[in-house]
Amino acid sequence: MLIQQGYKYRILPTKEQEESLLQCSGNARFLWNYALKTNQDYYKETGKFKFYHELAVSLPKLKEEYPFLKESFSQSLQMVLRQFDKALKDSFKKKKDSRLLKRKCC
């Protein structure tokens with residue numbers, strides 16, 4: 001018989017660590033909303049979207065314009081843009097998840 005064992009950990013950050021975590025999550029939320037607004041405006045003008053590469057290239061300028069973004073690691077901000085890019089591309093896919101197709105309606 002195979003026994004699986006797991007552990008639960010609870011992290012208790014200090015006040016400074018808690019403020020840093022809140023700042024990083026706020027920066028991620030800001031960047032997502034900024035990328036969304038930028039894409040909406042760009043789509044109205046050109047009929048095209050900006051994907052990851054264009055958004056990531058503009059990140060250093062964005063950090064100069066909004067200095068609070070410098071408090072987050074660049075990799076976490078890049079990951080937000082990757083997730084945004086994936087969400088944007090997935091919204092146009094026609095293929096449905098097979099689990100969703102098997103659900104019965106009310």
# chains A, B, ... in the order shown; residues from 1 in each chain; ligands from 1

$ residues_around --residues "range 50-65 of chain A" --least-positions-apart "2" --cutoff "12 Å" --atoms "only C-alpha atoms" --output "ChimeraX atom specification"
/A:27,30-32,34-48,67-89
